[in-house]
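The block underneath contains the structure these notes are about, expressed in structure tokens.
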Amino acid sequence: MLANEEVTADGRSERGNYPVFKRNLRQWVMRITAYADRLIADLDGLDWPEPIKLMQRNWIGRSVGARVDFPVRTAAGTQTAITVFTTRPDTLFGATYMVLAPEHPMVDDLLPGAWSEDLPASWTGGAPTPVAAVAAYRAAAMAKSEVERGAEGRVKTGVFTGAYATNPVNGALIPVFVADYVLMGYGTGAIMAVPAEDERDWEFAATFGLPHVRTVAPPADWTDGAYTGDGPSINSANNEISLNGLETAAAKAAIIDWLAAKGFGVPTVQYKLRDWLFSRQRYWGEPFPVVYDEYGVRGLPDSMLPVELPEVDDYSPRTFEPDDAESTPESPLARATEWATVTLDLGDGPREYRRETNTMPQWAGSCWYELRYLDPTNENAFVDPEVERYWMGPQAPGDCGGVDLYVGGVEHAVLHLLYARFWHKVLFDLGHVSSSEPFRRLFNQGYIQAYAYTDARGMYVPAEDVVEETDGSFSYEGAPVNREYGKMGKSLKNSVTPDQMCGEYGADTLRLYEMSMGPLDVSRPWDTRAVVGSFRFLQRFWRNVIDEETGLSRVSETPADAQTRAVVARTIDGVARDMANLRFNTAIAKLIECNNYLSRLLADGGALPRETAEAMILMVAPLAPHVGEELWSRIGHTATLTFVPFPQADPALLVADTVTCVLQVGGKVRDRVEVPADSTEESLRELALSAPKVVAALAGREVRTVVVRAPKLVNVVPA
């Protein structure tokens, strides 16, 4: 089984380049659609980036509109109706044709035995009959993924069914086509096509010579093409209702009321979100705790849980010939016959049952792992209610609860994060958790970037195996590849393993380098050579605490002088604020600056006071925990520093006695001087006008004005 993303644009598998066929399989699904409204509404209470919230809202795709029935006669002469969902019922008078998805169950019933006369050749696809035309078109559509079918700007294709439906608002007979740009998974798998108000319909109509009727007046400067915005209705009236002149919202309400009164339609809320497919045809995964008999499916009692995977010799799925279009996928567990068929007593005596041979996807664990981490050794429940309430419970009335901070990539927005929210709400409704949301705050880190390479099919190849040719091009296994620059990831096959870096520099150096690369939420390039800077900082820090020759501690019990205390206090204050705001790169910069100060202090023959050494070790430990723990032990502590509080800065030491004042002439920096922090504007003006470098820059010119921003800036403006 393949996901859409694993199918190439040619309808073949990413791995092996095999043809891909679609099959309807018996599957388990989660009814996530039942939670669609709550998943949208509860986003407002989350401290999440707005782009992520918008992605989830769009993925759920809540649309308000109407279901409308278009009467149609089948090939057998039976009167029925094609039902469509539309968010723009106000444009019904402009519907000039209809389109069904190739998979729509009604298609076969509509196909007459022969074409009517005088049809354009583009409508029939050159086939002798509607049945042959639709069969050929369906075969071509089945080779495309839904992503490809729904791609914007793709040339529209389709074929006429030979049937005509009736537009319920004006009685017009409109042709019914089959086209792959309509998907069975959204709405009803059928659309009313309004070319003048929909870009895809406009493109299709242009290809097949179909008319367009404007039902919404475009702006005065509109030139041509579909106008998809709001505006007053035009060309929208019959003997019973007129929408002409009504703005879009009012026109929608009026036509929905009319449709409902006439029995042609009903107001409807529709979602793009589909129920969550929860089956996989593979070995690795949690087995479903159910069995089957001749009456259907039966759940297993708690006493028979968990259901464990059997030991098997072959984990691979069954293979088929590449051109075996009639094959049916088979799970590896289906071959474990002794496990799949089992005798159990479920309360009505020993009987033979069949186990489910599909397994659950990885989401079965990743959607709730944060709860199990709270209470991992509990053998009676997945989490003790009191433990969950302590860590994740609401902190105030109206609070949704959840973990305080979740750091993750934006690529999880509509998969893991949406699934986890649904899973958590189910547990909340069942009374197992006190919080209605799993993650109160979300922070998206940026990508680590590197070069990736794609072959002629557009599929990624291992970056480490790509060869740069003498002419500057790149190849993989002798074939040319394209190079692109973007995020580093497993799916892009350009990941850099940290093993070599850890082996050469240590895990702490790797951690420190990653956090010092730049702001956490900004993407940044990976450069293995730059790790040396982080390694040298840790070496210098180590040498300031431990004598390089003797291996003994350099820490002294002598109190620190006033200047050292002030420097360390400012570092503690700055690092604490940076840590709280996830600005690890600037926290590291402050630690490097303070360590450089200590290096100069020791170079002049000074000692490293214990209060200074301990504060520095405690600040470095969250960033380089192995070095921190080792140094903590080397300076005399016998217990871990894990439970030692982060150092606190003395507020009195944060008040600077002096500050650096920048002296400018005409906006250009000419000097920097240390001045009292409480310097007045008048004293700074006199200082600047008498400063030798300012006087030299003026070169005898008159002074027009002096701008003072006490105590940090003076700008002398010459005449």
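Each chain in the structure tokens gets a letter, A, B and so on, in the order shown; residues start at 1 in every chain, and ligands are counted from 1 in the order they appear.
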Non-local contacts of Tyr97 in chain A (8 Å; only C-alpha atoms; under 5 positions in same chain excluded) as a PyMOL selection string = chain A and resi 174-177+192-194+210
So which bits of range 494-687 of chain A end up alpha helix (DSSP H) when you DSSP the backbone, as a compact mmCIF listing (two decimals) with N, CA and C atoms, in the first residue's frame?
```txt
# COMPACT_ATOMS: atom_id res chain seq x y z
N ASP A 499 26.52 10.83 14.15
CA ASP A 499 27.42 9.87 14.79
C ASP A 499 28.88 10.29 14.69
N GLN A 500 29.31 10.68 13.48
CA GLN A 500 30.71 11.05 13.30
C GLN A 500 31.06 12.29 14.11
N MET A 501 30.14 13.27 14.10
CA MET A 501 30.39 14.49 14.86
C MET A 501 30.45 14.21 16.36
N CYS A 502 29.56 13.36 16.84
CA CYS A 502 29.58 13.00 18.26
C CYS A 502 30.86 12.26 18.62
N GLY A 503 31.29 11.38 17.73
CA GLY A 503 32.50 10.63 18.00
C GLY A 503 33.74 11.50 18.05
N GLU A 504 33.76 12.54 17.23
CA GLU A 504 34.95 13.39 17.16
C GLU A 504 34.94 14.53 18.17
N TYR A 505 33.74 15.11 18.39
CA TYR A 505 33.66 16.30 19.24
C TYR A 505 32.83 16.09 20.51
N ALA A 507 28.81 14.73 22.23
CA ALA A 507 27.40 15.09 22.07
C ALA A 507 27.13 16.52 22.54
N ASP A 508 27.85 16.97 23.57
CA ASP A 508 27.63 18.33 24.06
C ASP A 508 27.99 19.37 23.00
N THR A 509 29.06 19.13 22.27
CA THR A 509 29.45 20.05 21.21
C THR A 509 28.37 20.11 20.13
N LEU A 510 27.83 18.94 19.77
CA LEU A 510 26.76 18.90 18.77
C LEU A 510 25.55 19.68 19.25
N ARG A 511 25.13 19.46 20.49
CA ARG A 511 23.98 20.19 21.04
C ARG A 511 24.24 21.70 21.03
N LEU A 512 25.42 22.09 21.48
CA LEU A 512 25.74 23.50 21.58
C LEU A 512 25.76 24.14 20.19
N TYR A 513 26.32 23.43 19.22
CA TYR A 513 26.37 23.97 17.85
C TYR A 513 24.97 24.16 17.29
N GLU A 514 24.12 23.16 17.46
CA GLU A 514 22.76 23.26 16.92
C GLU A 514 22.00 24.44 17.51
N MET A 515 22.20 24.68 18.81
CA MET A 515 21.47 25.77 19.46
C MET A 515 22.08 27.14 19.20
N SER A 516 23.33 27.17 18.79
CA SER A 516 23.99 28.46 18.53
C SER A 516 23.89 28.89 17.07
N VAL A 531 31.26 23.62 13.59
CA VAL A 531 31.13 23.04 14.92
C VAL A 531 32.39 23.29 15.76
N VAL A 532 33.49 23.59 15.10
CA VAL A 532 34.74 23.82 15.82
C VAL A 532 34.61 24.97 16.81
N GLY A 533 33.83 26.01 16.47
CA GLY A 533 33.66 27.14 17.37
C GLY A 533 33.04 26.74 18.69
N SER A 534 32.01 25.88 18.64
CA SER A 534 31.37 25.41 19.87
C SER A 534 32.32 24.54 20.67
N PHE A 535 33.12 23.72 19.97
CA PHE A 535 34.08 22.85 20.64
C PHE A 535 35.13 23.67 21.38
N ARG A 536 35.61 24.75 20.77
CA ARG A 536 36.64 25.58 21.41
C ARG A 536 36.09 26.30 22.64
N PHE A 537 34.82 26.73 22.58
CA PHE A 537 34.23 27.37 23.76
C PHE A 537 34.22 26.41 24.95
N LEU A 538 33.79 25.16 24.72
CA LEU A 538 33.77 24.19 25.81
C LEU A 538 35.18 23.89 26.32
N GLN A 539 36.16 23.87 25.43
CA GLN A 539 37.55 23.66 25.86
C GLN A 539 38.02 24.80 26.76
N ARG A 540 37.75 26.05 26.34
CA ARG A 540 38.18 27.21 27.13
C ARG A 540 37.47 27.24 28.48
N PHE A 541 36.18 26.90 28.45
CA PHE A 541 35.43 26.88 29.71
C PHE A 541 36.00 25.83 30.66
N TRP A 542 36.31 24.65 30.11
CA TRP A 542 36.90 23.58 30.93
C TRP A 542 38.23 24.05 31.54
N ARG A 543 39.06 24.68 30.74
CA ARG A 543 40.38 25.11 31.23
C ARG A 543 40.27 26.20 32.28
N ASN A 544 39.19 26.98 32.26
CA ASN A 544 39.00 28.00 33.29
C ASN A 544 38.64 27.38 34.64
N VAL A 545 38.07 26.17 34.62
CA VAL A 545 37.65 25.51 35.85
C VAL A 545 38.67 24.47 36.29
N ALA A 562 34.02 43.00 42.96
CA ALA A 562 32.76 43.66 42.59
C ALA A 562 32.51 43.60 41.10
N GLN A 563 33.57 43.82 40.30
CA GLN A 563 33.38 43.83 38.85
C GLN A 563 32.98 42.44 38.34
N THR A 564 33.65 41.39 38.86
CA THR A 564 33.31 40.03 38.43
C THR A 564 31.89 39.68 38.82
N ARG A 565 31.50 40.05 40.03
CA ARG A 565 30.13 39.79 40.46
C ARG A 565 29.12 40.47 39.54
N ALA A 566 29.43 41.70 39.13
CA ALA A 566 28.51 42.43 38.26
C ALA A 566 28.42 41.77 36.88
N VAL A 567 29.57 41.34 36.35
CA VAL A 567 29.58 40.68 35.03
C VAL A 567 28.77 39.40 35.07
N VAL A 568 28.99 38.59 36.13
CA VAL A 568 28.27 37.32 36.23
C VAL A 568 26.78 37.56 36.46
N ALA A 569 26.43 38.54 37.26
CA ALA A 569 25.02 38.84 37.51
C ALA A 569 24.30 39.22 36.22
N ARG A 570 24.95 40.09 35.42
CA ARG A 570 24.32 40.47 34.14
C ARG A 570 24.19 39.26 33.21
N THR A 571 25.16 38.35 33.27
CA THR A 571 25.08 37.14 32.45
C THR A 571 23.93 36.25 32.91
N ILE A 572 23.80 36.07 34.23
CA ILE A 572 22.70 35.26 34.76
C ILE A 572 21.36 35.84 34.32
N ASP A 573 21.22 37.14 34.46
CA ASP A 573 19.95 37.79 34.11
C ASP A 573 19.64 37.63 32.62
N GLY A 574 20.65 37.85 31.79
CA GLY A 574 20.43 37.75 30.34
C GLY A 574 20.16 36.33 29.89
N VAL A 575 20.93 35.36 30.41
CA VAL A 575 20.74 33.96 30.02
C VAL A 575 19.38 33.46 30.47
N ALA A 576 18.96 33.83 31.68
CA ALA A 576 17.65 33.39 32.18
C ALA A 576 16.53 33.90 31.28
N ARG A 577 16.60 35.17 30.88
CA ARG A 577 15.56 35.72 30.01
C ARG A 577 15.60 35.05 28.63
N ASP A 578 16.80 34.82 28.11
CA ASP A 578 16.91 34.16 26.80
C ASP A 578 16.37 32.74 26.85
N MET A 579 16.69 32.01 27.91
CA MET A 579 16.19 30.64 28.04
C MET A 579 14.66 30.62 28.09
N ALA A 580 14.08 31.53 28.86
CA ALA A 580 12.63 31.57 28.99
C ALA A 580 11.95 31.84 27.66
N PHE A 584 18.16 30.43 22.55
CA PHE A 584 19.35 29.73 23.00
C PHE A 584 20.62 30.28 22.37
N ASN A 585 20.52 30.74 21.13
CA ASN A 585 21.72 31.26 20.47
C ASN A 585 22.26 32.50 21.17
N THR A 586 21.38 33.40 21.61
CA THR A 586 21.87 34.59 22.30
C THR A 586 22.29 34.26 23.73
N ALA A 587 21.68 33.25 24.35
CA ALA A 587 22.14 32.81 25.67
C ALA A 587 23.57 32.29 25.59
N ILE A 588 23.84 31.51 24.55
CA ILE A 588 25.20 30.99 24.36
C ILE A 588 26.18 32.13 24.12
N ALA A 589 25.78 33.12 23.35
CA ALA A 589 26.66 34.27 23.09
C ALA A 589 27.02 34.98 24.39
N LYS A 590 26.07 35.12 25.30
CA LYS A 590 26.34 35.78 26.58
C LYS A 590 27.29 34.94 27.43
N LEU A 591 27.13 33.62 27.40
CA LEU A 591 28.03 32.74 28.15
C LEU A 591 29.45 32.81 27.60
N ILE A 592 29.57 32.87 26.28
CA ILE A 592 30.90 32.98 25.66
C ILE A 592 31.56 34.29 26.08
N GLU A 593 30.78 35.37 26.08
CA GLU A 593 31.33 36.68 26.47
C GLU A 593 31.79 36.67 27.92
N CYS A 594 31.00 36.07 28.80
CA CYS A 594 31.38 36.01 30.21
C CYS A 594 32.60 35.11 30.40
N ASN A 595 32.64 33.99 29.68
CA ASN A 595 33.79 33.08 29.80
C ASN A 595 35.07 33.76 29.32
N ASN A 596 34.96 34.58 28.28
CA ASN A 596 36.13 35.33 27.81
C ASN A 596 36.63 36.29 28.88
N TYR A 597 35.69 36.92 29.58
CA TYR A 597 36.09 37.80 30.69
C TYR A 597 36.84 37.00 31.75
N LEU A 598 36.32 35.81 32.09
CA LEU A 598 36.98 35.00 33.10
C LEU A 598 38.36 34.54 32.63
N SER A 599 38.49 34.26 31.34
CA SER A 599 39.80 33.86 30.80
C SER A 599 40.81 34.97 30.98
N ARG A 600 40.41 36.22 30.74
CA ARG A 600 41.33 37.36 30.92
C ARG A 600 41.67 37.52 32.40
N LEU A 601 40.67 37.27 33.27
CA LEU A 601 40.90 37.38 34.70
C LEU A 601 41.95 36.37 35.16
N LEU A 602 41.83 35.14 34.70
CA LEU A 602 42.77 34.11 35.10
C LEU A 602 44.14 34.31 34.46
N ALA A 603 44.15 34.89 33.25
CA ALA A 603 45.43 35.13 32.57
C ALA A 603 46.27 36.14 33.33
N ARG A 610 34.58 30.40 43.73
CA ARG A 610 33.61 29.31 43.68
C ARG A 610 32.23 29.81 43.25
N GLU A 611 31.80 30.94 43.78
CA GLU A 611 30.47 31.45 43.43
C GLU A 611 30.36 31.70 41.92
N THR A 612 31.47 32.14 41.31
CA THR A 612 31.47 32.39 39.87
C THR A 612 31.47 31.07 39.10
N ALA A 613 32.32 30.13 39.52
CA ALA A 613 32.41 28.84 38.83
C ALA A 613 31.08 28.10 38.88
N GLU A 614 30.44 28.07 40.05
CA GLU A 614 29.19 27.33 40.18
C GLU A 614 28.08 27.96 39.34
N ALA A 615 28.01 29.28 39.33
CA ALA A 615 26.99 29.95 38.52
C ALA A 615 27.18 29.64 37.04
N MET A 616 28.41 29.67 36.58
CA MET A 616 28.67 29.39 35.16
C MET A 616 28.34 27.94 34.81
N ILE A 617 28.72 27.02 35.67
CA ILE A 617 28.44 25.59 35.39
C ILE A 617 26.93 25.35 35.32
N LEU A 618 26.18 25.96 36.24
CA LEU A 618 24.74 25.78 36.25
C LEU A 618 24.08 26.39 35.01
N MET A 619 24.66 27.45 34.47
CA MET A 619 24.11 28.06 33.25
C MET A 619 24.47 27.25 32.01
N VAL A 620 25.65 26.66 32.01
CA VAL A 620 26.09 25.87 30.85
C VAL A 620 25.40 24.51 30.81
N PRO A 625 25.00 19.24 29.01
CA PRO A 625 24.78 18.57 30.30
C PRO A 625 25.92 17.66 30.75
N HIS A 626 26.61 17.01 29.81
CA HIS A 626 27.69 16.10 30.22
C HIS A 626 28.87 16.88 30.80
N VAL A 627 29.24 17.96 30.12
CA VAL A 627 30.32 18.81 30.63
C VAL A 627 29.91 19.42 31.97
N GLY A 628 28.66 19.87 32.07
CA GLY A 628 28.19 20.48 33.31
C GLY A 628 28.27 19.53 34.48
N GLU A 629 27.78 18.30 34.30
CA GLU A 629 27.81 17.33 35.40
C GLU A 629 29.23 16.98 35.80
N GLU A 630 30.12 16.82 34.81
CA GLU A 630 31.49 16.45 35.12
C GLU A 630 32.20 17.55 35.91
N LEU A 631 32.03 18.80 35.47
CA LEU A 631 32.68 19.91 36.18
C LEU A 631 32.09 20.08 37.58
N TRP A 632 30.78 19.89 37.72
CA TRP A 632 30.14 20.00 39.04
C TRP A 632 30.77 18.99 40.01
N SER A 633 31.04 17.80 39.49
CA SER A 633 31.69 16.79 40.32
C SER A 633 33.14 17.16 40.61
N ARG A 634 33.85 17.67 39.60
CA ARG A 634 35.28 17.98 39.76
C ARG A 634 35.53 19.09 40.78
N GLU A 681 21.64 65.64 29.92
CA GLU A 681 21.81 66.05 28.52
C GLU A 681 22.87 67.14 28.40
N GLU A 682 22.85 68.09 29.33
CA GLU A 682 23.79 69.21 29.26
C GLU A 682 25.23 68.73 29.41
N SER A 683 25.47 67.79 30.36
CA SER A 683 26.84 67.32 30.56
C SER A 683 27.32 66.50 29.36
N LEU A 684 26.42 65.77 28.74
CA LEU A 684 26.81 64.98 27.57
C LEU A 684 27.07 65.88 26.37
N ARG A 685 26.30 66.98 26.25
CA ARG A 685 26.53 67.93 25.16
C ARG A 685 27.92 68.55 25.29
N GLU A 686 28.28 68.98 26.50
CA GLU A 686 29.60 69.58 26.71
C GLU A 686 30.71 68.56 26.45
N LEU A 687 30.48 67.30 26.90
CA LEU A 687 31.48 66.24 26.69
C LEU A 687 31.72 66.02 25.20
```
Neighbour list for Val266 in chain A as number ranges by chain, cut-off 6 Å, only C-alpha atoms, skip fewer than 4 positions in-chain | A: 66-67, 260
As a count of residues only, please: all residues of range 78-326 of chain A that backbone DSSP puts in strand (DSSP E or B).
-> 52
Tell me which protein, DNA and RNA residues are within 12 Å of Lys262 in chain A, counting only C-alpha atoms, leaving out same-chain ones fewer than 5 positions away, and put them as a VMD selection string.
-> chain A and resid 68 to 69 168 to 169 240 to 241 255 to 257
Writer output for current selection, C-alpha atoms, as a PDB file, in the first residue's frame:
```pdb
ATOM      1  CA  VAL A  68     -28.942  20.730  -4.500  1.00  0.00           C
ATOM      2  CA  ASP A  69     -30.661  18.023  -6.565  1.00  0.00           C
ATOM      3  CA  PRO A 168     -33.720  23.230 -11.030  1.00  0.00           C
ATOM      4  CA  VAL A 169     -33.816  27.043 -11.057  1.00  0.00           C
ATOM      5  CA  GLU A 240     -40.926  32.698  -8.637  1.00  0.00           C
ATOM      6  CA  ILE A 241     -37.705  34.276  -7.360  1.00  0.00           C
ATOM      7  CA  ILE A 255     -31.950  30.863  -2.895  1.00  0.00           C
ATOM      8  CA  ILE A 256     -31.435  28.305  -0.100  1.00  0.00           C
ATOM      9  CA  ASP A 257     -34.873  29.148   1.321  1.00  0.00           C
TER      10      ASP A 257
END
```
Rounded to one decimal place, report the CA of Phe474 in chain A-CA of Tyr453 in chain A distance in Å.
-> 8.5 Å
Would you please work out which residue, of A:Arg149, A:Arg280, A:Arg583, A:Lys53, is nearest to Leu25 in chain A when using only C-alpha atoms?
->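 Using only C-alpha atoms, Leu25 in chain A sits closest to A:Arg280.
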Counting only C-alpha atoms, what is within 10 Å of Lys156 in chain A, bar same-chain residues fewer than 3 positions away, as a list in words?
->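 Within the cut-off, the hits are Arg149, Glu152, Gly153, Ala179, Asp180, Tyr181, Arg200, Asp201, Trp202, Glu203, Phe204, Ala205, Ala206, Thr207 and Phe208 of chain A.
Of note, CA of Gly185 in chain A and CA of Ile52 in chain A are spaced 23.7 Å apart.
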Nearest to Tyr406 in chain A: which of A:Leu582, A:Ala163, A:Leu259, A:Ala340 is it, counting only C-alpha atoms?
->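 For Tyr406 in chain A, the nearest of the given residues is A:Leu582.
Between CA of Asp47 in chain A and CA of Asn444 in chain A there is a distance of 11.8 Å.
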Thr161 in chain A environment, 12 Å, only C-alpha atoms, sequence neighbours closer than 5 positions dropped, as number ranges by chain | A: 74-75, 97-102, 106-116, 119, 123-125, 127, 129-135, 137-138, 174-179
How close does range 6-64 of chain A get to range 434-443 of chain A? List, as CSV, each residue of range 6-64 of chain A within 10 Å, its nearest atom pair and the distance in Å to one decimal, counting only C-alpha atoms.
```
residue,atom,partner,partner_atom,distance
A:Leu39,CA,A:Glu437,CA,9.6
A:Asp42,CA,A:Glu437,CA,8.3
A:Leu43,CA,A:Glu437,CA,9.4
A:Gly45,CA,A:Arg440,CA,8.3
A:Leu46,CA,A:Arg440,CA,5.6
A:Asp47,CA,A:Arg441,CA,4.6
A:Trp48,CA,A:Leu442,CA,4.8
A:Pro49,CA,A:Leu442,CA,7.0
A:Ile52,CA,A:Leu442,CA,9.2
```
Contacts of Ala190 in chain A at 9 Å (only C-alpha atoms; same-chain gap of 3+ positions) as a list in words | Ile82, Thr83, Val84, Phe85, Met98, Val99, Leu100, Ala101, His104, Val182, Leu183, Met184, Tyr186 and Gly187 of chain A
Writer output for current selection, N, CA and C atoms, as a PDB file, in the first residue's frame:
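Just written: again.pdb:
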```pdb
ATOM      1  N   ILE A  82     -29.014  13.963  -9.537  1.00  0.00           N
ATOM      2  CA  ILE A  82     -27.602  14.100  -9.162  1.00  0.00           C
ATOM      3  C   ILE A  82     -27.528  15.160  -8.070  1.00  0.00           C
ATOM      4  N   THR A  83     -26.993  14.790  -6.913  1.00  0.00           N
ATOM      5  CA  THR A  83     -26.900  15.719  -5.789  1.00  0.00           C
ATOM      6  C   THR A  83     -25.511  16.338  -5.743  1.00  0.00           C
ATOM      7  N   VAL A  84     -25.459  17.666  -5.631  1.00  0.00           N
ATOM      8  CA  VAL A  84     -24.183  18.374  -5.519  1.00  0.00           C
ATOM      9  C   VAL A  84     -24.188  19.171  -4.220  1.00  0.00           C
ATOM     10  N   PHE A  85     -23.001  19.445  -3.708  1.00  0.00           N
ATOM     11  CA  PHE A  85     -22.846  20.396  -2.614  1.00  0.00           C
ATOM     12  C   PHE A  85     -22.158  21.626  -3.161  1.00  0.00           C
ATOM     13  N   MET A  98     -22.601  19.845 -15.789  1.00  0.00           N
ATOM     14  CA  MET A  98     -22.277  19.158 -14.549  1.00  0.00           C
ATOM     15  C   MET A  98     -21.086  18.242 -14.787  1.00  0.00           C
ATOM     16  N   VAL A  99     -20.379  17.912 -13.682  1.00  0.00           N
ATOM     17  CA  VAL A  99     -19.246  16.996 -13.760  1.00  0.00           C
ATOM     18  C   VAL A  99     -19.342  15.987 -12.624  1.00  0.00           C
ATOM     19  N   LEU A 100     -19.168  14.716 -12.965  1.00  0.00           N
ATOM     20  CA  LEU A 100     -19.090  13.646 -11.980  1.00  0.00           C
ATOM     21  C   LEU A 100     -17.650  13.144 -11.897  1.00  0.00           C
ATOM     22  N   ALA A 101     -17.230  12.746 -10.705  1.00  0.00           N
ATOM     23  CA  ALA A 101     -15.938  12.085 -10.554  1.00  0.00           C
ATOM     24  C   ALA A 101     -15.978  10.745 -11.275  1.00  0.00           C
ATOM     25  N   HIS A 104     -17.760   8.027  -9.419  1.00  0.00           N
ATOM     26  CA  HIS A 104     -19.126   8.254  -8.948  1.00  0.00           C
ATOM     27  C   HIS A 104     -20.001   7.050  -9.285  1.00  0.00           C
ATOM     28  N   VAL A 182     -12.647  16.450 -10.491  1.00  0.00           N
ATOM     29  CA  VAL A 182     -13.629  16.290  -9.423  1.00  0.00           C
ATOM     30  C   VAL A 182     -13.273  15.007  -8.667  1.00  0.00           C
ATOM     31  N   LEU A 183     -13.164  15.116  -7.346  1.00  0.00           N
ATOM     32  CA  LEU A 183     -12.746  13.989  -6.515  1.00  0.00           C
ATOM     33  C   LEU A 183     -13.932  13.436  -5.735  1.00  0.00           C
ATOM     34  N   MET A 184     -13.995  12.133  -5.629  1.00  0.00           N
ATOM     35  CA  MET A 184     -15.100  11.480  -4.937  1.00  0.00           C
ATOM     36  C   MET A 184     -15.042  11.731  -3.440  1.00  0.00           C
ATOM     37  N   TYR A 186     -14.559  14.461  -1.712  1.00  0.00           N
ATOM     38  CA  TYR A 186     -15.029  15.739  -1.173  1.00  0.00           C
ATOM     39  C   TYR A 186     -16.420  16.030  -1.696  1.00  0.00           C
ATOM     40  N   GLY A 187     -17.298  16.490  -0.820  1.00  0.00           N
ATOM     41  CA  GLY A 187     -18.665  16.771  -1.239  1.00  0.00           C
ATOM     42  C   GLY A 187     -19.375  15.489  -1.621  1.00  0.00           C
TER      43      GLY A 187
END
```
